[in-house]
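K.L.:
What follows is model07.pdb; its format and atoms are PDB, C-alpha atoms and all ligand atoms.
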```pdb
ATOM      1  CA  MET A   1      30.214   9.030 -37.499  1.00  0.00           C
ATOM      2  CA  LYS A   2      28.231   8.550 -40.713  1.00  0.00           C
ATOM      3  CA  LYS A   3      25.510   5.924 -40.600  1.00  0.00           C
ATOM      4  CA  ILE A   4      24.727   3.131 -43.034  1.00  0.00           C
ATOM      5  CA  LEU A   5      21.745   0.840 -42.548  1.00  0.00           C
ATOM      6  CA  MET A   6      21.515  -2.772 -43.722  1.00  0.00           C
ATOM      7  CA  ILE A   7      17.974  -4.113 -44.052  1.00  0.00           C
ATOM      8  CA  ASN A   8      17.119  -7.748 -44.690  1.00  0.00           C
ATOM      9  CA  GLY A   9      13.611  -8.885 -45.504  1.00  0.00           C
ATOM     10  CA  PRO A  10      11.481 -11.957 -44.916  1.00  0.00           C
ATOM     11  CA  ASN A  11      13.033 -15.373 -44.285  1.00  0.00           C
ATOM     12  CA  LEU A  12      16.569 -13.988 -44.333  1.00  0.00           C
ATOM     13  CA  ASN A  13      16.693 -14.588 -40.554  1.00  0.00           C
ATOM     14  CA  LEU A  14      16.932 -18.262 -41.582  1.00  0.00           C
ATOM     15  CA  LEU A  15      20.136 -17.864 -43.602  1.00  0.00           C
ATOM     16  CA  GLY A  16      22.504 -20.736 -42.947  1.00  0.00           C
ATOM     17  CA  SER A  17      19.705 -23.294 -42.703  1.00  0.00           C
ATOM     18  CA  ARG A  18      17.359 -22.026 -45.445  1.00  0.00           C
ATOM     19  CA  GLU A  19      18.002 -23.709 -48.821  1.00  0.00           C
ATOM     20  CA  PRO A  20      21.801 -23.617 -48.313  1.00  0.00           C
ATOM     21  CA  ASP A  21      22.379 -24.717 -51.918  1.00  0.00           C
ATOM     22  CA  VAL A  22      20.703 -21.455 -53.024  1.00  0.00           C
ATOM     23  CA  TYR A  23      21.622 -19.023 -50.234  1.00  0.00           C
ATOM     24  CA  GLY A  24      24.838 -20.488 -48.765  1.00  0.00           C
ATOM     25  CA  MET A  25      25.876 -21.544 -45.265  1.00  0.00           C
ATOM     26  CA  ASP A  26      26.579 -18.128 -43.746  1.00  0.00           C
ATOM     27  CA  ASP A  27      24.015 -17.112 -41.133  1.00  0.00           C
ATOM     28  CA  LEU A  28      22.697 -13.571 -40.844  1.00  0.00           C
ATOM     29  CA  LYS A  29      24.313 -12.905 -37.455  1.00  0.00           C
ATOM     30  CA  SER A  30      27.780 -13.649 -38.795  1.00  0.00           C
ATOM     31  CA  ILE A  31      27.170 -11.510 -41.895  1.00  0.00           C
ATOM     32  CA  GLU A  32      25.962  -8.649 -39.670  1.00  0.00           C
ATOM     33  CA  ASN A  33      28.922  -9.013 -37.281  1.00  0.00           C
ATOM     34  CA  ARG A  34      31.432  -9.055 -40.130  1.00  0.00           C
ATOM     35  CA  LEU A  35      29.952  -5.985 -41.779  1.00  0.00           C
ATOM     36  CA  THR A  36      29.582  -4.047 -38.534  1.00  0.00           C
ATOM     37  CA  LYS A  37      33.276  -4.602 -37.793  1.00  0.00           C
ATOM     38  CA  LYS A  38      34.341  -3.697 -41.330  1.00  0.00           C
ATOM     39  CA  ALA A  39      32.239  -0.504 -41.189  1.00  0.00           C
ATOM     40  CA  ALA A  40      33.680   0.462 -37.787  1.00  0.00           C
ATOM     41  CA  ASP A  41      37.242  -0.101 -39.083  1.00  0.00           C
ATOM     42  CA  LEU A  42      36.428   2.445 -41.806  1.00  0.00           C
ATOM     43  CA  ASN A  43      34.833   4.890 -39.332  1.00  0.00           C
ATOM     44  CA  PHE A  44      31.218   4.211 -40.248  1.00  0.00           C
ATOM     45  CA  GLU A  45      28.379   3.090 -38.041  1.00  0.00           C
ATOM     46  CA  LEU A  46      26.393   0.186 -39.463  1.00  0.00           C
ATOM     47  CA  GLY A  47      22.865  -0.493 -38.207  1.00  0.00           C
ATOM     48  CA  CYS A  48      21.438  -3.942 -38.948  1.00  0.00           C
ATOM     49  CA  PHE A  49      17.752  -4.770 -39.178  1.00  0.00           C
ATOM     50  CA  GLN A  50      15.841  -7.854 -40.302  1.00  0.00           C
ATOM     51  CA  THR A  51      12.100  -8.206 -40.444  1.00  0.00           C
ATOM     52  CA  ASN A  52       9.507 -10.571 -41.796  1.00  0.00           C
ATOM     53  CA  ALA A  53       6.868  -7.806 -41.799  1.00  0.00           C
ATOM     54  CA  GLU A  54       6.390  -5.303 -44.610  1.00  0.00           C
ATOM     55  CA  HIS A  55       5.133  -2.497 -42.333  1.00  0.00           C
ATOM     56  CA  GLU A  56       8.205  -2.841 -40.091  1.00  0.00           C
ATOM     57  CA  MET A  57      10.480  -2.504 -43.095  1.00  0.00           C
ATOM     58  CA  ILE A  58       8.618   0.628 -44.178  1.00  0.00           C
ATOM     59  CA  GLU A  59       8.794   2.147 -40.668  1.00  0.00           C
ATOM     60  CA  LYS A  60      12.525   1.404 -40.449  1.00  0.00           C
ATOM     61  CA  ILE A  61      13.058   3.220 -43.750  1.00  0.00           C
ATOM     62  CA  HIS A  62      11.061   6.220 -42.452  1.00  0.00           C
ATOM     63  CA  ASP A  63      13.131   6.220 -39.239  1.00  0.00           C
ATOM     64  CA  ALA A  64      16.332   6.095 -41.279  1.00  0.00           C
ATOM     65  CA  LYS A  65      15.601   9.618 -42.492  1.00  0.00           C
ATOM     66  CA  LYS A  66      15.067  10.900 -38.925  1.00  0.00           C
ATOM     67  CA  ASN A  67      18.255   9.132 -37.805  1.00  0.00           C
ATOM     68  CA  ASN A  68      20.395  10.693 -40.551  1.00  0.00           C
ATOM     69  CA  VAL A  69      21.246   7.418 -42.249  1.00  0.00           C
ATOM     70  CA  CYS A  70      23.162   8.361 -45.388  1.00  0.00           C
ATOM     71  CA  PHE A  71      23.034   5.033 -47.264  1.00  0.00           C
ATOM     72  CA  ILE A  72      20.953   1.841 -47.188  1.00  0.00           C
ATOM     73  CA  LEU A  73      21.946  -1.694 -48.183  1.00  0.00           C
ATOM     74  CA  ILE A  74      18.760  -3.657 -48.676  1.00  0.00           C
ATOM     75  CA  ASN A  75      17.914  -7.228 -49.499  1.00  0.00           C
ATOM     76  CA  PRO A  76      14.111  -7.012 -49.582  1.00  0.00           C
ATOM     77  CA  GLY A  77      13.767 -10.826 -49.932  1.00  0.00           C
ATOM     78  CA  ALA A  78      10.481 -11.740 -51.587  1.00  0.00           C
ATOM     79  CA  PHE A  79       9.233  -8.141 -51.154  1.00  0.00           C
ATOM     80  CA  THR A  80      11.563  -7.420 -54.085  1.00  0.00           C
ATOM     81  CA  HIS A  81       8.981  -8.910 -56.404  1.00  0.00           C
ATOM     82  CA  THR A  82       5.828  -7.627 -54.717  1.00  0.00           C
ATOM     83  CA  SER A  83       6.208  -4.468 -52.685  1.00  0.00           C
ATOM     84  CA  ILE A  84       5.262  -1.144 -54.200  1.00  0.00           C
ATOM     85  CA  SER A  85       4.933   0.206 -50.649  1.00  0.00           C
ATOM     86  CA  VAL A  86       8.574  -0.532 -49.735  1.00  0.00           C
ATOM     87  CA  ARG A  87       9.600   1.014 -53.065  1.00  0.00           C
ATOM     88  CA  ASP A  88       7.531   4.095 -52.203  1.00  0.00           C
ATOM     89  CA  ALA A  89       9.118   4.271 -48.736  1.00  0.00           C
ATOM     90  CA  LEU A  90      12.603   4.376 -50.287  1.00  0.00           C
ATOM     91  CA  LEU A  91      11.474   7.044 -52.741  1.00  0.00           C
ATOM     92  CA  SER A  92       9.888   9.030 -49.890  1.00  0.00           C
ATOM     93  CA  VAL A  93      13.076   9.317 -47.855  1.00  0.00           C
ATOM     94  CA  SER A  94      15.425   9.862 -50.824  1.00  0.00           C
ATOM     95  CA  ILE A  95      18.234   7.904 -49.188  1.00  0.00           C
ATOM     96  CA  PRO A  96      20.453   6.251 -51.815  1.00  0.00           C
ATOM     97  CA  PHE A  97      20.524   2.471 -51.640  1.00  0.00           C
ATOM     98  CA  TYR A  98      22.007  -0.673 -53.124  1.00  0.00           C
ATOM     99  CA  GLU A  99      19.752  -3.666 -53.757  1.00  0.00           C
ATOM    100  CA  ILE A 100      21.456  -6.913 -52.800  1.00  0.00           C
ATOM    101  CA  HIS A 101      20.482 -10.519 -53.521  1.00  0.00           C
ATOM    102  CA  LEU A 102      22.443 -13.578 -52.520  1.00  0.00           C
ATOM    103  CA  SER A 103      21.115 -15.681 -55.364  1.00  0.00           C
ATOM    104  CA  ASN A 104      21.052 -14.858 -59.053  1.00  0.00           C
ATOM    105  CA  THR A 105      17.360 -14.060 -59.275  1.00  0.00           C
ATOM    106  CA  PHE A 106      17.572 -13.989 -63.080  1.00  0.00           C
ATOM    107  CA  SER A 107      18.577 -17.641 -63.259  1.00  0.00           C
ATOM    108  CA  ARG A 108      15.598 -18.660 -61.110  1.00  0.00           C
ATOM    109  CA  GLU A 109      11.814 -18.688 -61.534  1.00  0.00           C
ATOM    110  CA  GLU A 110      10.394 -16.005 -63.809  1.00  0.00           C
ATOM    111  CA  PHE A 111       8.505 -14.303 -60.963  1.00  0.00           C
ATOM    112  CA  ARG A 112      11.892 -13.446 -59.438  1.00  0.00           C
ATOM    113  CA  HIS A 113      13.022 -11.595 -62.564  1.00  0.00           C
ATOM    114  CA  LYS A 114      10.862  -8.569 -61.753  1.00  0.00           C
ATOM    115  CA  SER A 115      12.176  -6.205 -59.063  1.00  0.00           C
ATOM    116  CA  TYR A 116      10.339  -3.134 -57.770  1.00  0.00           C
ATOM    117  CA  PHE A 117      13.698  -1.699 -56.659  1.00  0.00           C
ATOM    118  CA  SER A 118      16.342  -2.106 -59.364  1.00  0.00           C
ATOM    119  CA  ASP A 119      15.346   0.935 -61.445  1.00  0.00           C
ATOM    120  CA  ILE A 120      15.515   3.280 -58.443  1.00  0.00           C
ATOM    121  CA  ALA A 121      18.598   1.700 -56.781  1.00  0.00           C
ATOM    122  CA  SER A 122      22.020   3.346 -57.026  1.00  0.00           C
ATOM    123  CA  GLY A 123      23.302  -0.146 -57.818  1.00  0.00           C
ATOM    124  CA  CYS A 124      22.454  -3.839 -57.627  1.00  0.00           C
ATOM    125  CA  ILE A 125      24.569  -6.778 -56.470  1.00  0.00           C
ATOM    126  CA  ILE A 126      23.024 -10.062 -57.475  1.00  0.00           C
ATOM    127  CA  GLY A 127      24.156 -13.663 -57.227  1.00  0.00           C
ATOM    128  CA  LEU A 128      27.439 -13.250 -55.311  1.00  0.00           C
ATOM    129  CA  GLY A 129      26.233 -14.919 -52.117  1.00  0.00           C
ATOM    130  CA  SER A 130      26.939 -13.311 -48.741  1.00  0.00           C
ATOM    131  CA  HIS A 131      30.067 -11.681 -50.197  1.00  0.00           C
ATOM    132  CA  GLY A 132      27.661  -9.331 -51.991  1.00  0.00           C
ATOM    133  CA  TYR A 133      26.877  -7.578 -48.684  1.00  0.00           C
ATOM    134  CA  GLU A 134      30.561  -6.840 -48.119  1.00  0.00           C
ATOM    135  CA  LEU A 135      30.995  -5.564 -51.654  1.00  0.00           C
ATOM    136  CA  GLY A 136      27.901  -3.402 -51.163  1.00  0.00           C
ATOM    137  CA  LEU A 137      29.293  -1.912 -47.962  1.00  0.00           C
ATOM    138  CA  ILE A 138      32.662  -1.067 -49.533  1.00  0.00           C
ATOM    139  CA  ALA A 139      30.978   0.419 -52.616  1.00  0.00           C
ATOM    140  CA  ALA A 140      28.602   2.475 -50.420  1.00  0.00           C
ATOM    141  CA  ILE A 141      31.504   3.884 -48.400  1.00  0.00           C
ATOM    142  CA  LYS A 142      33.373   4.770 -51.588  1.00  0.00           C
ATOM    143  CA  LYS A 143      30.291   6.512 -52.898  1.00  0.00           C
ATOM    144  CA  ILE A 144      29.691   8.475 -49.687  1.00  0.00           C
ATOM    145  CA  GLN A 145      33.318   9.382 -49.302  1.00  0.00           C
ATOM    146  CA  PRO A 146      35.137   9.268 -52.640  1.00  0.00           C
ATOM    147  CA  SER A 147      38.932   9.375 -52.200  1.00  0.00           C
TER
HETATM  148  C1  LIG A 201      16.592 -13.139 -52.362  1.00  0.00           C
HETATM  149  C2  LIG A 201      15.893 -13.544 -53.660  1.00  0.00           C
HETATM  150  C3  LIG A 201      14.382 -13.485 -53.511  1.00  0.00           C
HETATM  151  O1  LIG A 201      13.752 -13.903 -54.704  1.00  0.00           O
HETATM  152  C4  LIG A 201      13.920 -14.399 -52.390  1.00  0.00           C
HETATM  153  O2  LIG A 201      12.531 -14.276 -52.201  1.00  0.00           O
HETATM  154  C5  LIG A 201      14.652 -14.164 -51.113  1.00  0.00           C
HETATM  155  C6  LIG A 201      16.100 -13.948 -51.181  1.00  0.00           C
HETATM  156  C7  LIG A 201      18.119 -13.348 -52.459  1.00  0.00           C
HETATM  157  O3  LIG A 201      18.827 -12.778 -51.623  1.00  0.00           O
HETATM  158  O4  LIG A 201      18.597 -14.053 -53.334  1.00  0.00           O
HETATM  159  O5  LIG A 201      14.095 -14.241 -50.039  1.00  0.00           O
HETATM  160  O6  LIG A 201      16.360 -11.753 -52.135  1.00  0.00           O
END
```
Can the structure in the file be given as structure tokens, please?
P.N.:
Amino acid sequence: MKKILMINGPNLNLLGSREPDVYGMDDLKSIENRLTKKAADLNFELGCFQTNAEHEMIEKIHDAKKNNVCFILINPGAFTHTSISVRDALLSVSIPFYEIHLSNTFSREEFRHKSYFSDIASGCIIGLGSHGYELGLIAAIKKIQPS
């Protein structure tokens, strides 16, 4: 079974209670459960990982190569706007990825307009709430396995 990995960055473990007007009411567990089931229905294995630590995110990306992950869905959280090292990790493993954000970062503070990922991502889904993860999964599967 082909493997897809979903990575969520700092503070996304608090989805559901964190600024619900910005990020919605869905918690991360229910998003992960929904996507895991959808992936399995389509014969894909979805791994889910959330971390608040930059080095753990980098190590997970390195491991993804060893574990034959063929696509990554990543919401880097605030690392989006700061992390050259997570960018470099994604470039190092050459695994295609979609960058996902629940909120429309372009309608928010100016420091959120800069992303270290968008120019190297295969695609970006921004501002569609938790539905964006599902759209990302379906798009990734279509890309891996065009029919
Ligand atoms: C976010 C947007 C980031 O600016 C913010 O730091 C997050 C969440 C989003 O999904 O909208 O933590 O990535």
K.L.:
Could the residues that lie within 8 Å of ligand LIG 201 (chain A), counting all atoms listed in the file, be listed as an MDAnalysis selection string?
P.N.:
chainID A and resid 9:12 22:23 75:81 100:105 112 126:127 129
K.L.:
Could you work out how far atom CA of A:Glu45 lies from atom CA of A:Ser94, giving the answer in Å with one decimal?
P.N.:
19.4 Å
K.L.:
What's the 8 Å shell around A:Glu99, counting only C-alpha atoms, without same-chain residues fewer than 4 positions away, as number ranges by chain?
P.N.:
A: 73-76, 117-118, 121, 123-125
K.L.:
Using all atoms listed in the file, which residue out of A:Ile120, A:Ala64, A:Leu135, A:Cys70 lies closest to A:Leu91?
P.N.:
A:Ile120
K.L.:
At a cut-off of 9 Å, can you tabulate as a tab-separated table every residue of stretch 86-131 of chain A near stretch 53-61 of chain A together with its closest atom pair and the distance in Å to one decimal, using all atoms listed in the file and ordering rows by chain then number?
P.N.:
```
residue	atom	partner	partner_atom	distance
A:Val86	CA	A:Ile58	CA	5.7
A:Arg87	CA	A:Ile58	CA	8.9
A:Asp88	CA	A:Ile58	CA	8.8
A:Ala89	CA	A:Ile58	CA	5.9
A:Leu90	CA	A:Ile61	CA	6.7
A:Val93	CA	A:Ile61	CA	7.4
A:Ile95	CA	A:Ile61	CA	8.8
```
K.L.:
I need the residue nearest A:Thr36 from this list: A:Leu137, A:Ser147, A:Val69, A:Asp119. Use only C-alpha atoms for the distance.
P.N.:
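For A:Thr36, the nearest of the given residues is A:Leu137.
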K.L.:
With distances taken over all atoms listed in the file, which residue among A:Ile84, A:Leu14, A:Ala40, A:Ile141 lies nearest A:Tyr98?
P.N.:
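Checking each candidate against A:Tyr98, we get A:Ile141 as the closest.
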K.L.:
One decimal, Å: what's the distance from atom CA of A:Ile4 over to atom CA of A:Gly47, could you say?
P.N.:
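The value is 6.3 Å.
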K.L.:
If I take atom CA of A:Lys143 and atom CA of A:Ile31, how far is one from the other in Å, to one decimal?
P.N.:
21.3 Å
K.L.:
Show me as a ChimeraX atom specification the residues that reach within 12 Å of (23.9, -9.9, -36.7), counting only C-alpha atoms and using the file's own coordinates.
P.N.:
/A:6-8,12-15,26-37,46-50
K.L.:
Using all atoms listed in the file, which of the listed residues (A:Thr82, A:Asp21, A:Asn43, A:Asn68) sits closest to A:Lys114?
P.N.:
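Selected residue with least distance to A:Lys114: A:Thr82.
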